[in-house]
>>> print(open('my_file26.cif').read())   # mmCIF, C-alpha atoms
data_run
loop_
_atom_site.group_PDB
_atom_site.id
_atom_site.type_symbol
_atom_site.label_atom_id
_atom_site.label_comp_id
_atom_site.auth_asym_id
_atom_site.auth_seq_id
_atom_site.Cartn_x
_atom_site.Cartn_y
_atom_site.Cartn_z
ATOM 1 C CA MET Z 221 -9.637 -2.323 -4.093
ATOM 2 C CA LEU Z 222 -9.258 -0.462 -0.811
ATOM 3 C CA LEU Z 223 -6.622 2.306 -0.773
ATOM 4 C CA THR Z 224 -5.107 3.993 2.275
ATOM 5 C CA PRO Z 225 -3.095 7.239 2.470
ATOM 6 C CA GLY Z 226 0.344 7.980 3.823
ATOM 7 C CA SER Z 227 0.779 9.506 7.269
ATOM 8 C CA GLY Z 228 0.790 13.123 6.089
ATOM 9 C CA SER Z 229 -2.170 12.852 3.770
ATOM 10 C CA ASP Z 230 -5.766 11.732 3.564
ATOM 11 C CA ARG Z 231 -8.077 9.833 1.243
ATOM 12 C CA ASP Z 232 -8.050 12.739 -1.223
ATOM 13 C CA HIS Z 233 -4.324 12.453 -1.987
ATOM 14 C CA PRO Z 234 -4.043 13.109 -5.758
ATOM 15 C CA GLY Z 235 -2.237 9.792 -6.319
ATOM 16 C CA LEU Z 236 -5.064 7.818 -4.700
ATOM 17 C CA VAL Z 237 -7.712 9.768 -6.605
ATOM 18 C CA ALA Z 238 -5.803 9.138 -9.847
ATOM 19 C CA LEU Z 239 -5.758 5.392 -9.126
ATOM 20 C CA GLU Z 240 -9.493 5.322 -8.437
ATOM 21 C CA GLU Z 241 -10.225 7.187 -11.671
ATOM 22 C CA ARG Z 242 -7.829 5.084 -13.754
ATOM 23 C CA LEU Z 243 -9.089 1.750 -12.444
ATOM 24 C CA SER Z 244 -12.771 2.536 -13.027
ATOM 25 C CA PRO Z 245 -15.087 0.633 -13.387
ATOM 26 C CA LEU Z 246 -13.245 -1.555 -10.830
ATOM 27 C CA PRO Z 247 -14.723 -0.662 -7.436
ATOM 28 C CA VAL Z 248 -12.091 1.361 -5.576
ATOM 29 C CA GLU Z 249 -12.581 2.962 -2.188
ATOM 30 C CA ARG Z 250 -10.210 5.377 -0.522
ATOM 31 C CA MET Z 251 -10.312 5.475 3.263
ATOM 32 C CA ASP Z 252 -9.086 7.917 5.872
ATOM 33 C CA PHE Z 253 -7.470 7.013 9.156
ATOM 34 C CA GLY Z 254 -9.245 8.257 12.268
ATOM 35 C CA TYR Z 255 -6.440 10.548 13.417
ATOM 36 C CA ARG Z 256 -6.770 12.566 10.186
ATOM 37 C CA THR Z 257 -10.557 12.885 10.394
ATOM 38 C CA ALA Z 258 -10.097 13.999 14.025
ATOM 39 C CA GLY Z 259 -7.792 16.774 12.806
ATOM 40 C CA ARG Z 260 -4.601 15.349 14.325
ATOM 41 C CA ARG Z 261 -1.334 15.452 12.393
ATOM 42 C CA PHE Z 262 0.400 12.450 13.907
ATOM 43 C CA PRO Z 263 -0.717 8.862 13.316
ATOM 44 C CA ASP Z 264 -2.075 6.612 15.994
ATOM 45 C CA ARG Z 265 -0.012 3.602 16.994
ATOM 46 C CA ALA Z 266 0.042 0.585 14.679
ATOM 47 C CA PRO Z 267 -2.587 -1.492 16.556
ATOM 48 C CA VAL Z 268 -5.162 1.290 16.109
ATOM 49 C CA LEU Z 269 -4.292 1.774 12.423
ATOM 50 C CA LEU Z 270 -4.385 -1.993 11.792
ATOM 51 C CA GLY Z 271 -7.846 -2.159 13.342
ATOM 52 C CA GLU Z 272 -8.979 0.641 11.049
ATOM 53 C CA VAL Z 273 -7.648 -1.224 7.993
ATOM 54 C CA ARG Z 274 -9.488 -4.387 9.066
ATOM 55 C CA ASP Z 275 -12.681 -2.373 9.643
ATOM 56 C CA GLY Z 276 -12.325 -0.671 6.257
ATOM 57 C CA VAL Z 277 -11.962 -4.008 4.474
ATOM 58 C CA ALA Z 278 -14.926 -5.490 6.340
ATOM 59 C CA ARG Z 279 -17.072 -2.449 5.567
ATOM 60 C CA MET Z 280 -16.185 -2.439 1.855
ATOM 61 C CA ALA Z 281 -16.730 -6.193 1.533
ATOM 62 C CA ASP Z 282 -20.088 -5.943 3.295
ATOM 63 C CA GLU Z 283 -21.281 -2.914 1.298
ATOM 64 C CA ARG Z 284 -20.188 -4.459 -2.009
ATOM 65 C CA GLY Z 285 -21.333 -7.984 -1.145
ATOM 66 C CA VAL Z 286 -17.936 -9.519 -1.884
ATOM 67 C CA ASP Z 287 -15.673 -11.909 -0.051
ATOM 68 C CA PRO Z 288 -12.890 -9.867 1.636
ATOM 69 C CA ALA Z 289 -10.407 -12.345 0.174
ATOM 70 C CA ARG Z 290 -11.288 -10.942 -3.286
ATOM 71 C CA LEU Z 291 -10.211 -7.404 -2.357
ATOM 72 C CA VAL Z 292 -6.810 -5.967 -3.161
ATOM 73 C CA VAL Z 293 -5.641 -3.675 -0.375
ATOM 74 C CA GLY Z 294 -2.843 -1.186 -0.108
ATOM 75 C CA GLY Z 295 -1.935 2.418 -0.460
ATOM 76 C CA ARG Z 296 0.825 4.930 -0.122
ATOM 77 C CA SER Z 297 3.693 4.755 2.341
ATOM 78 C CA MET Z 298 2.372 4.237 5.892
ATOM 79 C CA GLY Z 299 -1.072 3.234 4.630
ATOM 80 C CA GLY Z 300 0.378 0.492 2.463
ATOM 81 C CA ARG Z 301 2.610 -0.644 5.301
ATOM 82 C CA MET Z 302 -0.405 -0.950 7.619
ATOM 83 C CA CYS Z 303 -2.247 -2.959 4.963
ATOM 84 C CA SER Z 304 0.735 -5.285 4.568
ATOM 85 C CA MET Z 305 0.961 -5.777 8.336
ATOM 86 C CA ALA Z 306 -2.786 -6.507 8.548
ATOM 87 C CA VAL Z 307 -2.486 -9.100 5.765
ATOM 88 C CA ALA Z 308 0.547 -10.638 7.490
ATOM 89 C CA GLU Z 309 -1.601 -10.931 10.629
ATOM 90 C CA GLY Z 310 -4.271 -12.837 8.704
ATOM 91 C CA LEU Z 311 -6.496 -10.243 7.004
ATOM 92 C CA PRO Z 312 -7.828 -11.954 3.857
ATOM 93 C CA ALA Z 313 -6.802 -10.227 0.624
ATOM 94 C CA ALA Z 314 -6.297 -11.023 -3.043
ATOM 95 C CA GLY Z 315 -3.114 -8.950 -3.134
ATOM 96 C CA LEU Z 316 -1.223 -5.909 -1.896
ATOM 97 C CA VAL Z 317 -0.436 -2.689 -3.762
ATOM 98 C CA LEU Z 318 2.367 -0.885 -1.928
ATOM 99 C CA VAL Z 319 3.189 2.525 -3.377
ATOM 100 C CA CYS Z 320 6.289 4.112 -1.788
ATOM 101 C CA TYR Z 321 6.561 1.406 0.874
ATOM 102 C CA PRO Z 322 8.580 2.943 3.754
ATOM 103 C CA LEU Z 323 11.277 0.287 4.192
ATOM 104 C CA HIS Z 324 12.862 2.440 6.914
ATOM 105 C CA PRO Z 325 12.667 6.058 8.125
ATOM 106 C CA PRO Z 326 14.834 8.502 6.128
ATOM 107 C CA LYS Z 327 18.509 8.320 7.139
ATOM 108 C CA LYS Z 328 17.765 5.428 9.532
ATOM 109 C CA PRO Z 329 18.368 2.281 7.472
ATOM 110 C CA GLU Z 330 18.905 0.324 10.685
ATOM 111 C CA ASN Z 331 15.191 0.741 11.579
ATOM 112 C CA LEU Z 332 13.856 -1.728 9.022
ATOM 113 C CA ARG Z 333 10.118 -2.373 8.671
ATOM 114 C CA VAL Z 334 10.354 -5.889 7.287
ATOM 115 C CA ASP Z 335 9.667 -8.212 10.226
ATOM 116 C CA HIS Z 336 6.282 -9.229 8.789
ATOM 117 C CA PHE Z 337 7.502 -9.880 5.218
ATOM 118 C CA GLY Z 338 7.773 -13.648 5.829
ATOM 119 C CA ASP Z 339 4.014 -13.779 6.474
ATOM 120 C CA LEU Z 340 2.958 -12.171 3.180
ATOM 121 C CA HIS Z 341 1.624 -15.068 1.108
ATOM 122 C CA VAL Z 342 -0.378 -12.958 -1.365
ATOM 123 C CA PRO Z 343 0.819 -11.310 -4.587
ATOM 124 C CA CYS Z 344 2.547 -7.997 -3.803
ATOM 125 C CA LEU Z 345 3.231 -5.007 -6.037
ATOM 126 C CA PHE Z 346 5.873 -2.518 -4.869
ATOM 127 C CA VAL Z 347 6.013 0.782 -6.785
ATOM 128 C CA SER Z 348 8.694 3.269 -5.732
ATOM 129 C CA GLY Z 349 11.094 5.838 -7.011
ATOM 130 C CA ASP Z 350 14.686 4.738 -7.422
ATOM 131 C CA ARG Z 351 15.729 7.734 -5.294
ATOM 132 C CA ASP Z 352 13.241 7.129 -2.453
ATOM 133 C CA GLU Z 353 14.818 8.179 0.831
ATOM 134 C CA PHE Z 354 12.669 5.586 2.665
ATOM 135 C CA GLY Z 355 14.424 2.721 0.864
ATOM 136 C CA ALA Z 356 16.880 2.472 -2.014
ATOM 137 C CA PRO Z 357 16.565 -0.235 -4.680
ATOM 138 C CA ASP Z 358 19.465 -2.273 -3.249
ATOM 139 C CA GLU Z 359 17.887 -2.135 0.214
ATOM 140 C CA PHE Z 360 14.604 -3.463 -1.166
ATOM 141 C CA ASP Z 361 16.443 -6.141 -3.130
ATOM 142 C CA ALA Z 362 18.041 -7.361 0.102
ATOM 143 C CA HIS Z 363 14.655 -7.907 1.801
ATOM 144 C CA LEU Z 364 11.918 -8.634 -0.746
ATOM 145 C CA GLY Z 365 13.106 -12.242 -1.085
ATOM 146 C CA ALA Z 366 11.708 -12.883 2.412
ATOM 147 C CA ILE Z 367 8.169 -12.539 1.008
ATOM 148 C CA PRO Z 368 6.793 -15.997 0.119
ATOM 149 C CA GLY Z 369 4.073 -14.614 -2.179
ATOM 150 C CA PRO Z 370 4.821 -13.456 -5.725
ATOM 151 C CA VAL Z 371 6.496 -10.033 -5.741
ATOM 152 C CA THR Z 372 6.465 -7.497 -8.568
ATOM 153 C CA VAL Z 373 8.679 -4.426 -8.319
ATOM 154 C CA VAL Z 374 8.285 -1.281 -10.410
ATOM 155 C CA ARG Z 375 10.961 1.381 -9.950
ATOM 156 C CA LEU Z 376 10.397 4.831 -11.343
ATOM 157 C CA PRO Z 377 13.651 6.449 -12.491
ATOM 158 C CA GLY Z 378 14.671 9.673 -10.775
ATOM 159 C CA LYS Z 379 11.662 9.707 -8.437
ATOM 160 C CA ARG Z 380 11.760 10.272 -4.691
ATOM 161 C CA HIS Z 381 9.254 9.264 -1.994
ATOM 162 C CA ASP Z 382 6.632 11.805 -3.098
ATOM 163 C CA LEU Z 383 6.621 10.423 -6.681
ATOM 164 C CA ARG Z 384 5.875 13.956 -7.855
ATOM 165 C CA GLY Z 385 4.696 13.953 -11.463
ATOM 166 C CA ALA Z 386 4.498 10.160 -11.636
ATOM 167 C CA ASP Z 387 0.774 9.511 -11.106
ATOM 168 C CA GLU Z 388 0.344 8.193 -14.653
ATOM 169 C CA ALA Z 389 3.295 5.799 -14.303
ATOM 170 C CA VAL Z 390 1.983 4.563 -10.941
ATOM 171 C CA CYS Z 391 -1.493 4.053 -12.423
ATOM 172 C CA ASP Z 392 0.020 2.160 -15.383
ATOM 173 C CA ALA Z 393 1.973 -0.107 -13.038
ATOM 174 C CA VAL Z 394 -1.057 -0.881 -10.871
ATOM 175 C CA ALA Z 395 -3.422 -1.397 -13.833
ATOM 176 C CA ASP Z 396 -0.935 -3.727 -15.580
ATOM 177 C CA TRP Z 397 -0.361 -5.716 -12.386
ATOM 178 C CA LEU Z 398 -4.092 -6.042 -11.680
ATOM 179 C CA ALA Z 399 -4.686 -7.247 -15.240
ATOM 180 C CA GLY Z 400 -2.424 -10.221 -14.520
ATOM 181 C CA LEU Z 401 -3.850 -10.958 -11.076
ATOM 182 C CA HIS Z 402 -6.068 -14.021 -10.906
ATOM 183 C CA VAL Z 403 -8.664 -13.618 -8.183
#
>>> encode(input="my_file26.cif", output="structure tokens")
Amino acid sequence: MLLTPGSGSDRDHPGLVALEERLSPLPVERMDFGYRTAGRRFPDRAPVLLGEVRDGVARMADERGVDPARLVVGGRSMGGRMCSMAVAEGLPAAGLVLVCYPLHPPKKPENLRVDHFGDLHVPCLFVSGDRDEFGAPDEFDAHLGAIPGPVTVVRLPGKRHDLRGADEAVCDAVADWLAGLHV
């Protein structure tokens, strides 16, 4: 599994580290985006980030000697979104793990980030808080049906976009979903 961070974080985000530790001995790699390693606070544009996701998958597949189509990709917020867009554009993957998917910017529900959903033909896991300001449960329910691949949704009661204090629940959701994934 290749995990990517949200826009304000890096590969050492506690939630990503917790997933790597929980899923062991499954090979999990956490990657950084170039803007973070360069010390910049604001993300590059999507084409640059998508290229970095593709490069990260290729590197992990090559180093591990596995077919990229056997890797599950995803991450938190922006990182998961970039992974989903890369898969929609043809990046091979066994599935997507999307933790706190940013359906829209806070207080801007008209700026939906769902145009690529119709091109997601792999199993998808969405894990979010039911009080996430980047997308409420009813907003997700209105758009997840556009995804042709199997979709699993886990909503964590009372949790916002940061999922503070929910690492164990997120790890449980991902581990349970992976256990049922046939690669």
>>> residues_around(input="my_file26.cif", residues="stretch 357-368 of chain Z", least_positions_apart="6", cutoff="7 Å", atoms="all atoms listed in the file", output="list of chain:residue names")
Z:Phe337, Z:Gly338, Z:Asp339, Z:Leu340, Z:His341, Z:Asp350
>>> closest_atom_pairs(input="my_file26.cif", of="stretch 286-386 of chain Z", to="stretch 226-233 of chain Z", cutoff="7 Å", atoms="only C-alpha atoms", output="tab-separated table")
residue	atom	partner	partner_atom	distance
Z:Arg296	CA	Z:Gly226	CA	5.0
Z:Ser297	CA	Z:Gly226	CA	4.9
Z:Met298	CA	Z:Gly226	CA	4.7
Z:Gly299	CA	Z:Gly226	CA	5.0
>>> resolve_selection(input="my_file26.cif", expression="the PyMOL selection byres ((chain Z and resi 381) around 7)", output="PDB file with C-alpha atoms, in the frame of the given file")
ATOM      1  CA  CYS Z 320       6.289   4.112  -1.788  1.00  0.00           C
ATOM      2  CA  GLY Z 349      11.094   5.838  -7.011  1.00  0.00           C
ATOM      3  CA  ASP Z 352      13.241   7.129  -2.453  1.00  0.00           C
ATOM      4  CA  GLU Z 353      14.818   8.179   0.831  1.00  0.00           C
ATOM      5  CA  PHE Z 354      12.669   5.586   2.665  1.00  0.00           C
ATOM      6  CA  LYS Z 379      11.662   9.707  -8.437  1.00  0.00           C
ATOM      7  CA  ARG Z 380      11.760  10.272  -4.691  1.00  0.00           C
ATOM      8  CA  ASP Z 382       6.632  11.805  -3.098  1.00  0.00           C
ATOM      9  CA  LEU Z 383       6.621  10.423  -6.681  1.00  0.00           C
TER      10      LEU Z 383
END
>>> resolve_selection(input="my_file26.cif", expression="the PyMOL selection byres ((chain Z and resi 223) around 12)", output="number ranges by chain")
Z: 221-222, 224-226, 230-233, 235-240, 243, 247-253, 273, 276-277, 280, 291-304, 316-319, 394
>>> resolve_selection(input="my_file26.cif", expression="the PyMOL selection byres ((chain Z and resi 370-378) around 6)", output="VMD selection string")
chain Z and resid 343 to 351 369 379
>>> atom_distance(input="my_file26.cif", atom1="atom CA of Z:Ala395", atom2="atom CA of Z:Tyr321")
18.0 Å
>>> decode(input="my_file26.cif", residues="stretch 270-289 of chain Z", atoms="N, CA and C atoms", output="mmCIF file, in the first residue's frame")
data_model
loop_
_atom_site.group_PDB
_atom_site.id
_atom_site.type_symbol
_atom_site.label_atom_id
_atom_site.label_comp_id
_atom_site.auth_asym_id
_atom_site.auth_seq_id
_atom_site.Cartn_x
_atom_site.Cartn_y
_atom_site.Cartn_z
ATOM 1 N N LEU Z 270 -0.133 14.647 -9.409
ATOM 2 C CA LEU Z 270 -0.502 13.376 -10.042
ATOM 3 C C LEU Z 270 0.738 12.658 -10.564
ATOM 4 N N GLY Z 271 1.657 13.404 -11.142
ATOM 5 C CA GLY Z 271 2.912 12.809 -11.604
ATOM 6 C C GLY Z 271 3.703 12.208 -10.457
ATOM 7 N N GLU Z 272 3.676 12.885 -9.306
ATOM 8 C CA GLU Z 272 4.394 12.365 -8.142
ATOM 9 C C GLU Z 272 3.741 11.086 -7.622
ATOM 10 N N VAL Z 273 2.412 11.015 -7.656
ATOM 11 C CA VAL Z 273 1.725 9.782 -7.251
ATOM 12 C C VAL Z 273 2.113 8.646 -8.196
ATOM 13 N N ARG Z 274 2.065 8.908 -9.497
ATOM 14 C CA ARG Z 274 2.441 7.865 -10.469
ATOM 15 C C ARG Z 274 3.883 7.405 -10.253
ATOM 16 N N ASP Z 275 4.784 8.360 -10.018
ATOM 17 C CA ASP Z 275 6.192 8.017 -9.764
ATOM 18 C C ASP Z 275 6.330 7.208 -8.481
ATOM 19 N N GLY Z 276 5.594 7.577 -7.450
ATOM 20 C CA GLY Z 276 5.655 6.848 -6.181
ATOM 21 C C GLY Z 276 5.185 5.412 -6.329
ATOM 22 N N VAL Z 277 4.120 5.206 -7.085
ATOM 23 C CA VAL Z 277 3.616 3.852 -7.330
ATOM 24 C C VAL Z 277 4.640 3.051 -8.127
ATOM 25 N N ALA Z 278 5.182 3.659 -9.172
ATOM 26 C CA ALA Z 278 6.170 2.957 -10.001
ATOM 27 C C ALA Z 278 7.401 2.580 -9.183
ATOM 28 N N ARG Z 279 7.843 3.503 -8.348
ATOM 29 C CA ARG Z 279 9.033 3.245 -7.516
ATOM 30 C C ARG Z 279 8.771 2.106 -6.527
ATOM 31 N N MET Z 280 7.619 2.152 -5.852
ATOM 32 C CA MET Z 280 7.300 1.104 -4.873
ATOM 33 C C MET Z 280 7.154 -0.249 -5.565
ATOM 34 N N ALA Z 281 6.472 -0.281 -6.696
ATOM 35 C CA ALA Z 281 6.285 -1.536 -7.421
ATOM 36 C C ALA Z 281 7.633 -2.102 -7.870
ATOM 37 N N ASP Z 282 8.504 -1.228 -8.356
ATOM 38 C CA ASP Z 282 9.818 -1.671 -8.817
ATOM 39 C C ASP Z 282 10.663 -2.179 -7.645
ATOM 40 N N GLU Z 283 10.699 -1.408 -6.546
ATOM 41 C CA GLU Z 283 11.516 -1.805 -5.398
ATOM 42 C C GLU Z 283 11.022 -3.088 -4.746
ATOM 43 N N ARG Z 284 9.707 -3.299 -4.768
ATOM 44 C CA ARG Z 284 9.116 -4.481 -4.131
ATOM 45 C C ARG Z 284 8.954 -5.646 -5.101
ATOM 46 N N GLY Z 285 9.170 -5.389 -6.390
ATOM 47 C CA GLY Z 285 9.023 -6.442 -7.390
ATOM 48 C C GLY Z 285 7.589 -6.921 -7.546
ATOM 49 N N VAL Z 286 6.640 -5.978 -7.473
ATOM 50 C CA VAL Z 286 5.231 -6.336 -7.617
ATOM 51 C C VAL Z 286 4.612 -5.567 -8.774
ATOM 52 N N ASP Z 287 3.562 -6.130 -9.307
ATOM 53 C CA ASP Z 287 2.781 -5.470 -10.345
ATOM 54 C C ASP Z 287 2.076 -4.266 -9.702
ATOM 55 N N PRO Z 288 2.172 -3.063 -10.299
ATOM 56 C CA PRO Z 288 1.506 -1.900 -9.718
ATOM 57 C C PRO Z 288 -0.006 -2.117 -9.528
ATOM 58 N N ALA Z 289 -0.577 -2.963 -10.334
ATOM 59 C CA ALA Z 289 -2.014 -3.240 -10.232
ATOM 60 C C ALA Z 289 -2.357 -3.999 -8.945
#
